[in-house]
Structure formats: C-alpha cells, structure tokens
Amino acid sequence: MQKTGAQILIECLLKEKADVVFGYPGGQVIPIFDAIYGSPLHFILSRHEQGAAHMADGYARSTGRVGVCLATSGPGATNLVTGLATAFMDSIPVVAITGQVPTHLIGNDAFQEADITGITRPVTKHNFLVKDIKDLARTIREAFYIASTGRQGPVLVDIPSDVQRAVTEFIWPENIEIRSYKPVQHGHPGQIKKVADAINESKQPVLYTGGGIISSGAYKEVIELAEKADIPVTNTLLSLGSFPQDHRLFLGMLGMHGTCYANNAVQNADLIIAIGARFDDRVTGKVDAFAKKAKIAHIDIDPTSISKSISADIPVVGDAKTVLAELIKNVKKNSHKEWLEAIGKWKKSNPLSYKNDEKLRPQYVIDCITKLTKGEAIVTTEVGQNQMWAAQFYKTNRPRNFISSGGLGTMGYGFPAAIGAKLANPKKQVIDIAGDGSIQMNIQELATAVLNNINVKVIILNNHYLGMVRQWQEFFWGKRYSGVCLMKGSGCPDKCNKPQSKKCFTYVPDFVKIAEAYGAVGLRCKNKKDVISTLRKTLSLNKTVFAEFIVEQEENVFPMVPAGKPLDEVMTSLA
Ligand SMILES: Cc1ncc(C[n+]2csc(CCOP(=O)(O)OP(=O)(O)O)c2C)c(N)n1
C-alpha cells in the first residue's frame with residue numbers, strides 16, 4: 001500500500017512495538033505529527049527536547065525496551081544532544097527521530113538547519129540521514145536493531161521533510177542483515193575456561209559488575225556464580241539493584257563514593273572478574289594503583305572497552321548472560337571463608353553511616369524512603385551529592401529500580417527520566433531524588449507530568465548549594481565557595497563562605513509555589529521529626545508531588561576517594 005514517509009515512520013515504530021514517543025514539534029516534523037494524529041501511538045509532549053530525550057532514556061532503563069524521542073530540525077535536534085550523550089555514555093537503547101530541512105536545501109544554511117548527524121556522531125552509537133523514502137523503513141528497522149543489540153546505545157535518524165512527504169509502497173523488511181555489524185554473543189570457550197580456572201584457584205576473588213549485567217539481564221547468573229564459588233560482589237552505580245543488596249555476599253558500590261569494604265576488597269583481591277563494566281575513572285581511582293595484586297578477567301560485549309584503561313589478563317568478548325551461563329558450568333563449588341571474614345571485619349569497622357542526630361540530614365531522608373517503599377520503588381536521581389547519597393542509602397534488591405546518569409553525570413536527568421519510567425511502569429511508585437540545583441535544570445517538565453497525570457514524586461534535598469561542587473571546594477580548594485551558593489544575589493558580600501545566615505536572601509525559587517503554579521502538590525519539611533509523615537503523605541498522593549526537605553547545608557558525602565588517588569586512600573570524615 002502507498003504511504004507517505006511520515007506514515008511509514010509511524011508504521012515502523014508500531015512494528016517495533018514502540019508504544020510511547022516523547023517529543024516536541026516544529027516546522028520540519030509537521031508531516032510526522034500529522035501522521036501521529038489519530039494513530040495508536042501515545043505521544044507525550046515534553047516542554048524541552050532534552051526532557052524528551054531523558055524521558056525516552058528513563059523508559060528504556062526501566063523496561064529494557066528501546067525508548068523513542070522526536071524533535072524538529074535545528075534547535076530542536078541540538079536540544080537532544082545532552083540526552084543522547086547521556087544515553088550513549090551509559091549504553092542505553094534510544095532511537096531519536098529528527099526532522100531535517102528538505103533535501104535540496106541541505107548544506108545551504110537553510111532556516112533551522114543543523115548538521116545533526118555530524119553534531120551527534122560522537123554521542124550516538126550510529127546515525128542516519130535518510131535521503132530517499134525507499135530507504136526509510138529499512139533504516140528505522142536498522143536503527144532499532146543497532147540500538148538494542150551488542151553494546152546498546154542511542155541511534156539517531158534524521159529525516160528531511162520532503163522525504164516525510166514523499167509517497168511509496170510500504171514494505172516492512174522482516175529480516176535485517178547489516179554487513180560489518182555482527183555483535184558477538186558467545187564468548188570464546190577457551191577464554192571462559194581460563195576465567196573458570198582462575199576463579200577455581202583464587203583465594204581472594206571479587207566480582208565487579210556493571211550496567212552490562214542489567215542490559216543483558218544476567219542477574220540470576222551473577223547470583224548463581226557468586227554463590228557457587230562464594231565470591232563477594234560489588235556493583236557500579238549503573239548496576240545497583242542487579243544484585244540483592246541484602247545478600248551476604250554484597251559489598252555495595254565501589255569507587256569514589258563506594259563503601260570502604262568494597263574498595264578494600266578490590267585492593268586486596270587476587271582476582272577481579274569484571275563483567276559488563278568499563279573501569280571508569282570514578283571506579284578505579286588512580287589507575288596505576290588499582291587492584292595491584294589481582295589478575296584481571298574482563299567479560300564485555302564491546303571488545304573496545306576491554307583493556308582500555310586497565311589491562312585485562314583474561315579478556316572475554318561476549319554477552320554477559322551467555323558467558324556467565326558457560327562460566328558457571330566450569331566453576332567449582334567453593335568457599336572463601338577467610339576472605340569473607342576479612343571483609344566482614346572491614347564491614348564492621350567502617351560501615352556506611354551518617355550522623356544520626358537531631359538534624360535533618362539528607363541520608364536520613366533516603367533511609368526513610370527505603371524503609372517506606374521497602375526498596376520496591378523505581379528511584380531516579382539527579383546528579384551531585386543527592387545522587388551519591390541515593391546510591392549509598394536507597395537499598396533495592398531489584399534491577400532497573402535505580403536509574404541514574406553515570407557516565408555523563410547529567411544534572412536535570414532524573415525528573416524527566418522518572419516521567420519516562422512512570423509511563424512505562426504505571427503501577428510502580430517512581431521517585432526522583434533531586435538536589436535544588438539539578439531540579440531547576442528541567443523543572444519545566446512539571447507541566448508534562450501534571451497534564452498527563454503522571455504520578456511521580458520528586459524529593460528535593462535542598463541544601464541551597466550546588467553541593468557536590470561545594471564539597472570539592474571545601475575539601476580541596478580551601479573552602480573558597482565560588483559560584484555554588486544558590487541564594488547568592490547582588491546584595492551579598494563578595495567572598496561570603498557562610499551557609500545561610502539571617503542576612504541571606506530568602507531562597508529562590510519557592511519550590512512549593514512552583515509545584516502549585518503547575519498544578520502539582522508542593523510540600524516542605526524542615527525538621528527531622530516530620531520526615532516520615534511528609535514522605536508518607538508524598539507517597540500516598542496519586543499526583544505529581546514536589547516534596548522539599550531543607551537539609552543540613554554543609555553535609556558531605558563520605559566515604560570519598562579523592563580524584564586520582566588510589567582506592568585505599570579514602571576520606572571517611574574531615575580531619
Ligand atoms: C548539566 C551539568 N552541569 C554541571 C554539572 C557539574 N555538577 C556536578 S554536581 C553539581 C552540583 C549539583 O547540585 P545540586 O543539584 O543542588 O545537588 P547536590 O550536590 O547539592 O545534592 C554540579 C554543578 C553537571 N554534572 N551537569
């Protein structure tokens with residue numbers, strides 16, 4: 001049957017089982033919006049294209065399905081870039097559709113023209129410019145395939161508006177074959193055997209697992225391997241929830257703000273089995289000093305990530321789930337009693353903790369969220385201290401329940417990601433843990449949430465600072481707080497380093513009023529004794545809620561391994 005390019009696009013999205021599209025219109029995508037009109041696709045109008053990209057990303061992270069976003073040419077497309085880069089750094093499957101000026105105007109500096117395939121080349125797994133309607137269906141099919149296979153990631157498809165209007169026969173390509181793109185699934189049996197032998201011989205092994213565990217769905221296999229060979233497990237930020245946090249073998253997160261015992265275990269291990277993780281510098285600390293005593297086995301679907309920063313003794317290229325299934329067969333049942341006892345001592349001597357006094361501390365708020373939700377809620381985070389406290393104190397035993405921008409560290413990510421996650425999981429409680437700085441980066445999406453009855457909760461840990469940067473200035477820059485006070489105004493003394501005093505401005509904005517202005521519910525809590533009741537109310541309302549907690553202003557995230565230091569040079573408090 002003859003269809004326009006825009007209609008073909010919609011048919012393809014439906015064939016790919018996309019049910020929600022997040023986006024924003026403009027001149028060069030009107031044909032696509034016309035085709036959406038009356039189609040079964042659920043379209044969510046964000047208030048900024050960056051929001052749409054993060055929504056698609058949150059949808060993808062919370063389900064494992066490809067998230068879809070749509071923007072017009074020029075500024076619409078460039079507004080997607082941060083969202084695409086966020087998804088790219090964390091290997092999240094997203095397909096972004098952008099409109100482009102008509103083919104005959106490309107390269108002419110036409111109105112709202114941007115070379116979006118050029119601009120996004122470094123932050124997408126792949127991108128396409130469709131110049132001929134005959135290529136459209138196959139391109140969309142390939143875009144979904146590339147986004148969701150191998151090392152997953154965002155793919156952009158740029159469609160000129162004349163291609164959207166052109167007409168052709170719609171033929172759905174059932175099979176796709178992309179020359180030069182053949183993701184490896186099975187690991188090399190010889191290499192897997194080598195990892196198994198290393199595990200069988202090891203006295204002090206550690207499993208270090210990353211986001212690849214979540215994208216391949218290898219949770220059961222990790223538990224089986226850990227239990228069979230009696231190996232402790234540490235998670236990266238991206239894999240939190242993939243291993244039960246109440247499991248006796250769980251060490252918590254490693255790296256800069258990881259637990260002391262996870263970092264100690266890594267530094268004293270004789271074998272590290274890294275699975276679906278990429279030895280990010282926030283994880284390794286000083287590379288030369290990382291796990292000096294350990295042999296490194298590295299299992300990853302992306303060959304280019306192996307030996308990139310830490311040289312692997314035993315590389316295995318393959319899908320984590322498939323490789324682990326083979327590995328388990330070759331691993332002997334074992335016990336590492338002494339090793340686990342040593343770790344147990346570190347756990348006791350340096351537990352993850354905070355001062356539980358009468359003050360309203362952010363960690364306490366997150367602790368209470370865990371208690372009230374039993375770790376069943378999907379938690380997204382913004383970026384900064386709020387994110388690290390959420391990683392440390394929100395305890396969930398379920399994968400895809402902790403969603404955070406790891407690689408890019410994008411402030412403004414959590415709220416739109418929560419909207420995407422809630423649309424994909426309408427029955428689940430979805431909570432964004434936010435800082436007062438980050439939430440202001442995509443606060444306009446309150447309109448999207450309220451108008452679509454999206455019941456997400458935003459917990460704002462308001463310290464009136466860009467807290468994480470302030471923490472670095474406090475620790476490493478002689479407490480010269482520069483550009484981090486969110487209350488600083490023209491009347492403030494130049495070099496003010498004091499947290500809020502009576503002379504300070506009343507803070508801007510008033511989050512309760514902002515929430516109300518958009519038709520959401522705004523709540524404010526100033527005392528520790530009111531935290532539980534405020535959270536109870538927040539969680540019980542079937543509405544979009546902003547709940548603001550006025551927390552200790554100069555609270556810091558501990559433990560902390562200073563950037564570039566070895567993992568065992570850890571700060572547990574300010575001396
Ligand atoms: C888009 C963006 N700009 C700047 C930064 C640098 N940055 C990292 S954390 C942070 C402070 C975050 O402040 P806030 O959201 O208030 O959270 P807090 O650290 O106080 O919990 C900043 C500015 C970033 N990560 N992302």
# chains A, B, ... in the order shown; residues from 1 in each chain; ligands from 1

$ residues_near_ligand --ligand "ligand 1" --cutoff "10 Å" --atoms "only C-alpha atoms and all ligand atoms" --output "number ranges by chain"
A: 82, 362, 381-390, 405-406, 408-413, 433-441, 460-472, 483-486, 551, 553-557

$ residues_around --residues "A:Gly241" --least-positions-apart "2" --cutoff "8 Å" --atoms "only C-alpha atoms" --output "VMD selection string"
chain A and resid 239 243 to 245 395 to 402

$ residues_around --residues "stretch 85-97 of chain A" --least-positions-apart "6" --cutoff "6 Å" --atoms "only C-alpha atoms" --output "number ranges by chain"
A: 66-70, 123-124, 147-148, 152-158, 407-408

$ residues_around --residues "stretch 197-213 of chain A" --least-positions-apart "2" --cutoff "7 Å" --atoms "only C-alpha atoms" --output "PyMOL selection string"
chain A and resi 193-195+215-219+231-236+238-239+266+269-277+320+331-332+336+339

$ write_last_selection --atoms "N, CA and C atoms" --output "CSV table (one decimal), in the first residue's frame"
chain,number,residue,atom,x,y,z
A,193,LYS,N,37.1,-20.8,29.9
A,193,LYS,CA,37.7,-21.9,30.7
A,193,LYS,C,38.9,-21.2,31.5
A,194,LYS,N,39.6,-20.3,30.9
A,194,LYS,CA,40.7,-19.7,31.6
A,194,LYS,C,40.1,-18.9,32.8
A,195,VAL,N,39.0,-18.2,32.6
A,195,VAL,CA,38.4,-17.4,33.7
A,195,VAL,C,38.0,-18.4,34.8
A,215,SER,N,21.7,-4.7,31.2
A,215,SER,CA,21.2,-4.8,29.8
A,215,SER,C,21.1,-6.2,29.3
A,216,SER,N,22.0,-7.1,29.8
A,216,SER,CA,21.9,-8.5,29.3
A,216,SER,C,20.9,-9.3,30.2
A,217,GLY,N,20.5,-8.7,31.3
A,217,GLY,CA,19.5,-9.5,32.2
A,217,GLY,C,20.2,-10.7,32.8
A,218,ALA,N,21.5,-10.5,33.2
A,218,ALA,CA,22.3,-11.6,33.8
A,218,ALA,C,22.2,-11.7,35.3
A,219,TYR,N,21.1,-11.3,35.9
A,219,TYR,CA,21.0,-11.2,37.4
A,219,TYR,C,21.2,-12.6,38.0
A,231,ILE,N,31.9,-15.9,46.0
A,231,ILE,CA,32.6,-14.7,45.7
A,231,ILE,C,31.8,-13.4,46.1
A,232,PRO,N,32.4,-12.5,46.8
A,232,PRO,CA,31.7,-11.2,47.1
A,232,PRO,C,31.5,-10.4,45.8
A,233,VAL,N,30.5,-9.6,45.8
A,233,VAL,CA,30.1,-8.9,44.6
A,233,VAL,C,30.0,-7.4,44.9
A,234,THR,N,30.6,-6.6,44.0
A,234,THR,CA,30.5,-5.1,44.1
A,234,THR,C,29.8,-4.6,42.9
A,235,ASN,N,29.0,-3.6,43.0
A,235,ASN,CA,28.2,-3.0,41.8
A,235,ASN,C,28.8,-1.7,41.5
A,236,THR,N,28.7,-1.3,40.2
A,236,THR,CA,28.9,0.1,39.9
A,236,THR,C,27.6,0.8,40.1
A,238,LEU,N,25.8,2.1,37.9
A,238,LEU,CA,24.8,1.7,37.0
A,238,LEU,C,24.2,0.3,37.2
A,239,SER,N,24.9,-0.5,38.0
A,239,SER,CA,24.3,-1.9,38.2
A,239,SER,C,23.7,-2.0,39.5
A,266,VAL,N,38.6,-4.8,46.7
A,266,VAL,CA,39.2,-4.7,45.4
A,266,VAL,C,40.7,-4.6,45.5
A,269,ALA,N,42.2,-8.0,46.5
A,269,ALA,CA,41.8,-9.2,45.7
A,269,ALA,C,43.0,-9.8,45.0
A,270,ASP,N,42.9,-11.1,44.8
A,270,ASP,CA,43.9,-11.7,43.9
A,270,ASP,C,43.3,-11.9,42.5
A,271,LEU,N,42.0,-11.8,42.4
A,271,LEU,CA,41.3,-11.9,41.1
A,271,LEU,C,40.1,-11.0,41.1
A,272,ILE,N,40.1,-10.2,40.0
A,272,ILE,CA,38.9,-9.3,39.8
A,272,ILE,C,38.2,-9.9,38.5
A,273,ILE,N,36.9,-10.2,38.7
A,273,ILE,CA,36.2,-10.6,37.5
A,273,ILE,C,35.2,-9.5,37.1
A,274,ALA,N,35.6,-8.7,36.1
A,274,ALA,CA,34.8,-7.5,35.8
A,274,ALA,C,33.8,-8.0,34.7
A,275,ILE,N,32.5,-7.7,34.9
A,275,ILE,CA,31.5,-8.2,33.9
A,275,ILE,C,30.6,-7.0,33.6
A,276,GLY,N,30.6,-6.7,32.3
A,276,GLY,CA,29.8,-5.6,31.8
A,276,GLY,C,30.1,-4.3,32.4
A,277,ALA,N,31.3,-4.1,32.7
A,277,ALA,CA,31.8,-2.8,33.4
A,277,ALA,C,33.0,-2.3,32.7
A,320,ALA,N,27.0,-10.9,28.6
A,320,ALA,CA,27.3,-11.3,30.0
A,320,ALA,C,26.5,-12.5,30.4
A,331,VAL,N,32.9,-23.6,36.7
A,331,VAL,CA,33.4,-23.2,38.0
A,331,VAL,C,33.1,-24.2,39.1
A,332,LYS,N,34.0,-24.5,40.0
A,332,LYS,CA,33.8,-25.5,41.0
A,332,LYS,C,33.1,-24.8,42.2
A,336,HIS,N,35.1,-19.3,50.4
A,336,HIS,CA,36.2,-18.4,50.7
A,336,HIS,C,36.0,-17.8,52.1
A,339,TRP,N,38.6,-15.1,53.5
A,339,TRP,CA,38.4,-13.9,52.7
A,339,TRP,C,37.2,-13.1,53.1

$ residues_around --residues "A:Ala196" --least-positions-apart "5" --cutoff "12 Å" --atoms "only C-alpha atoms" --output "ChimeraX atom specification"
/A:189-191,201-202,205,225,228-229,271,273,297,314,316,323-334

$ select_by_dssp --residues "stretch 75-175 of chain A" --states "alpha helix (DSSP H)" --output "ChimeraX atom specification"
/A:75-78,81-89,116-120,136-148,161-165

$ residues_around --residues "A:Asn455" --least-positions-apart "5" --cutoff "7 Å" --atoms "only C-alpha atoms" --output "ChimeraX atom specification"
/A:542-544

$ residues_around --residues "A:Lys355" --least-positions-apart "5" --cutoff "10 Å" --atoms "only C-alpha atoms" --output "list in words"
Arg361, Gln363, Tyr364 and Glu555 of chain A

$ atom_distance --atom1 "atom CA of A:Met55" --atom2 "atom CA of A:Leu9"
20.2 Å

$ closest_residue --among "A:Leu523, A:Leu446, A:Val287, A:Ala421" --to "A:Pro566" --atoms "only C-alpha atoms"
A:Val287

$ closest_residue --among "A:Gly375, A:Gly26, A:Pro315, A:Pro559" --to "A:Tyr261" --atoms "only C-alpha atoms"
A:Pro559

$ closest_residue --among "A:Val531, A:Val222, A:Val508, A:Ala110" --to "A:Glu358" --atoms "only C-alpha atoms"
A:Val531

$ closest_residue --among "A:Asp57, A:Asp302, A:Glu11, A:Glu474" --to "A:Ala417" --atoms "only C-alpha atoms"
A:Asp57

$ select_by_dssp --residues "stretch 221-286 of chain A" --states "strand (DSSP E)" --output "number ranges by chain"
A: 233-235, 250-253, 271-275

$ decode --residues "stretch 271-397 of chain A" --atoms "C-alpha atoms" --output "mmCIF file, in the first residue's frame"
data_model
loop_
_atom_site.group_PDB
_atom_site.id
_atom_site.type_symbol
_atom_site.label_atom_id
_atom_site.label_comp_id
_atom_site.auth_asym_id
_atom_site.auth_seq_id
_atom_site.Cartn_x
_atom_site.Cartn_y
_atom_site.Cartn_z
ATOM 1 C CA LEU A 271 41.350 -11.896 41.109
ATOM 2 C CA ILE A 272 38.867 -9.332 39.785
ATOM 3 C CA ILE A 273 36.178 -10.634 37.479
ATOM 4 C CA ALA A 274 34.787 -7.545 35.751
ATOM 5 C CA ILE A 275 31.512 -8.174 33.944
ATOM 6 C CA GLY A 276 29.755 -5.603 31.776
ATOM 7 C CA ALA A 277 31.753 -2.830 33.409
ATOM 8 C CA ARG A 278 34.294 -0.483 31.895
ATOM 9 C CA PHE A 279 36.745 0.527 34.642
ATOM 10 C CA ASP A 280 35.511 4.109 34.699
ATOM 11 C CA ASP A 281 37.896 6.506 36.466
ATOM 12 C CA ARG A 282 35.272 7.094 39.167
ATOM 13 C CA VAL A 283 35.657 3.365 39.868
ATOM 14 C CA THR A 284 39.374 2.797 39.549
ATOM 15 C CA GLY A 285 40.773 5.898 41.226
ATOM 16 C CA LYS A 286 44.478 6.105 40.381
ATOM 17 C CA VAL A 287 44.778 3.596 37.564
ATOM 18 C CA ASP A 288 48.349 2.508 38.349
ATOM 19 C CA ALA A 289 47.366 1.677 41.909
ATOM 20 C CA PHE A 290 44.150 -0.188 41.081
ATOM 21 C CA ALA A 291 43.938 -3.781 42.367
ATOM 22 C CA LYS A 292 47.700 -4.247 42.152
ATOM 23 C CA LYS A 293 47.628 -7.814 43.497
ATOM 24 C CA ALA A 294 44.872 -9.023 41.231
ATOM 25 C CA LYS A 295 44.688 -10.862 37.990
ATOM 26 C CA ILE A 296 42.002 -9.162 35.854
ATOM 27 C CA ALA A 297 39.376 -11.116 33.944
ATOM 28 C CA HIS A 298 37.173 -8.835 31.848
ATOM 29 C CA ILE A 299 33.941 -10.007 30.251
ATOM 30 C CA ASP A 300 32.303 -7.472 27.958
ATOM 31 C CA ILE A 301 30.217 -7.395 24.811
ATOM 32 C CA ASP A 302 32.236 -4.475 23.498
ATOM 33 C CA PRO A 303 35.771 -5.526 22.548
ATOM 34 C CA THR A 304 36.920 -1.894 22.506
ATOM 35 C CA SER A 305 36.156 -1.488 26.196
ATOM 36 C CA ILE A 306 38.478 -4.339 27.164
ATOM 37 C CA SER A 307 41.968 -3.256 28.252
ATOM 38 C CA LYS A 308 41.052 0.383 27.536
ATOM 39 C CA SER A 309 42.102 1.686 30.931
ATOM 40 C CA ILE A 310 43.048 -1.438 32.889
ATOM 41 C CA SER A 311 44.853 -4.161 31.051
ATOM 42 C CA ALA A 312 42.965 -7.470 31.165
ATOM 43 C CA ASP A 313 44.829 -10.720 31.799
ATOM 44 C CA ILE A 314 41.891 -12.758 30.553
ATOM 45 C CA PRO A 315 39.636 -10.949 28.072
ATOM 46 C CA VAL A 316 36.295 -12.476 27.072
ATOM 47 C CA VAL A 317 34.156 -10.810 24.425
ATOM 48 C CA GLY A 318 30.510 -11.778 24.649
ATOM 49 C CA ASP A 319 27.123 -11.174 26.184
ATOM 50 C CA ALA A 320 27.278 -11.264 29.981
ATOM 51 C CA LYS A 321 24.341 -13.632 30.399
ATOM 52 C CA THR A 322 25.555 -16.117 27.804
ATOM 53 C CA VAL A 323 29.153 -16.045 29.022
ATOM 54 C CA LEU A 324 28.145 -16.384 32.656
ATOM 55 C CA ALA A 325 25.973 -19.410 31.903
ATOM 56 C CA GLU A 326 29.020 -21.124 30.390
ATOM 57 C CA LEU A 327 31.310 -19.929 33.131
ATOM 58 C CA ILE A 328 29.088 -21.323 35.877
ATOM 59 C CA LYS A 329 29.357 -24.806 34.340
ATOM 60 C CA ASN A 330 33.139 -24.630 34.549
ATOM 61 C CA VAL A 331 33.411 -23.179 38.041
ATOM 62 C CA LYS A 332 33.797 -25.456 41.047
ATOM 63 C CA LYS A 333 31.762 -25.105 44.186
ATOM 64 C CA ASN A 334 33.988 -23.340 46.625
ATOM 65 C CA SER A 335 34.164 -21.481 49.906
ATOM 66 C CA HIS A 336 36.213 -18.384 50.706
ATOM 67 C CA LYS A 337 35.620 -18.308 54.412
ATOM 68 C CA GLU A 338 38.788 -16.478 55.427
ATOM 69 C CA TRP A 339 38.440 -13.864 52.691
ATOM 70 C CA LEU A 340 34.830 -13.184 53.610
ATOM 71 C CA GLU A 341 35.752 -12.976 57.269
ATOM 72 C CA ALA A 342 38.371 -10.347 56.486
ATOM 73 C CA ILE A 343 35.779 -8.395 54.517
ATOM 74 C CA GLY A 344 33.302 -8.853 57.379
ATOM 75 C CA LYS A 345 35.785 -7.122 59.681
ATOM 76 C CA TRP A 346 36.070 -4.167 57.287
ATOM 77 C CA LYS A 347 32.297 -4.016 57.118
ATOM 78 C CA LYS A 348 32.151 -3.781 60.896
ATOM 79 C CA SER A 349 34.962 -1.305 61.341
ATOM 80 C CA ASN A 350 33.871 1.035 58.544
ATOM 81 C CA PRO A 351 30.185 0.670 57.790
ATOM 82 C CA LEU A 352 28.311 3.074 55.576
ATOM 83 C CA SER A 353 26.882 5.546 58.038
ATOM 84 C CA TYR A 354 25.972 9.119 58.812
ATOM 85 C CA LYS A 355 25.424 11.142 61.922
ATOM 86 C CA ASN A 356 22.029 10.197 63.195
ATOM 87 C CA ASP A 357 21.437 13.199 65.458
ATOM 88 C CA GLU A 358 18.535 15.625 65.684
ATOM 89 C CA LYS A 359 19.466 17.477 62.487
ATOM 90 C CA LEU A 360 17.686 16.920 59.177
ATOM 91 C CA ARG A 361 20.298 15.086 57.180
ATOM 92 C CA PRO A 362 19.789 14.051 53.552
ATOM 93 C CA GLN A 363 20.944 10.491 54.180
ATOM 94 C CA TYR A 364 18.191 10.083 56.744
ATOM 95 C CA VAL A 365 15.564 11.142 54.212
ATOM 96 C CA ILE A 366 16.792 8.491 51.781
ATOM 97 C CA ASP A 367 16.984 5.883 54.527
ATOM 98 C CA CYS A 368 13.331 6.607 55.256
ATOM 99 C CA ILE A 369 12.442 6.273 51.559
ATOM 100 C CA THR A 370 13.966 2.797 51.600
ATOM 101 C CA LYS A 371 12.010 1.912 54.705
ATOM 102 C CA LEU A 372 8.677 3.219 53.439
ATOM 103 C CA THR A 373 8.962 1.752 49.945
ATOM 104 C CA LYS A 374 10.813 -1.429 51.020
ATOM 105 C CA GLY A 375 13.099 -0.761 48.066
ATOM 106 C CA GLU A 376 10.248 -1.576 45.658
ATOM 107 C CA ALA A 377 10.046 1.910 44.130
ATOM 108 C CA ILE A 378 11.892 2.922 40.995
ATOM 109 C CA VAL A 379 14.267 5.664 42.082
ATOM 110 C CA THR A 380 15.829 8.006 39.562
ATOM 111 C CA THR A 381 18.386 10.580 40.635
ATOM 112 C CA GLU A 382 19.689 13.909 39.592
ATOM 113 C CA VAL A 383 23.444 14.484 39.831
ATOM 114 C CA GLY A 384 25.602 15.571 42.729
ATOM 115 C CA GLN A 385 25.531 14.711 46.400
ATOM 116 C CA ASN A 386 21.875 13.723 46.129
ATOM 117 C CA GLN A 387 22.852 11.058 43.600
ATOM 118 C CA MET A 388 25.633 9.595 45.716
ATOM 119 C CA TRP A 389 23.507 9.523 48.872
ATOM 120 C CA ALA A 390 20.754 7.843 46.887
ATOM 121 C CA ALA A 391 23.269 5.273 45.618
ATOM 122 C CA GLN A 392 24.500 4.646 49.137
ATOM 123 C CA PHE A 393 21.243 4.637 51.083
ATOM 124 C CA TYR A 394 18.430 3.664 48.743
ATOM 125 C CA LYS A 395 18.521 -0.087 49.030
ATOM 126 C CA THR A 396 16.759 -2.094 46.387
ATOM 127 C CA ASN A 397 17.028 -5.753 45.551
#
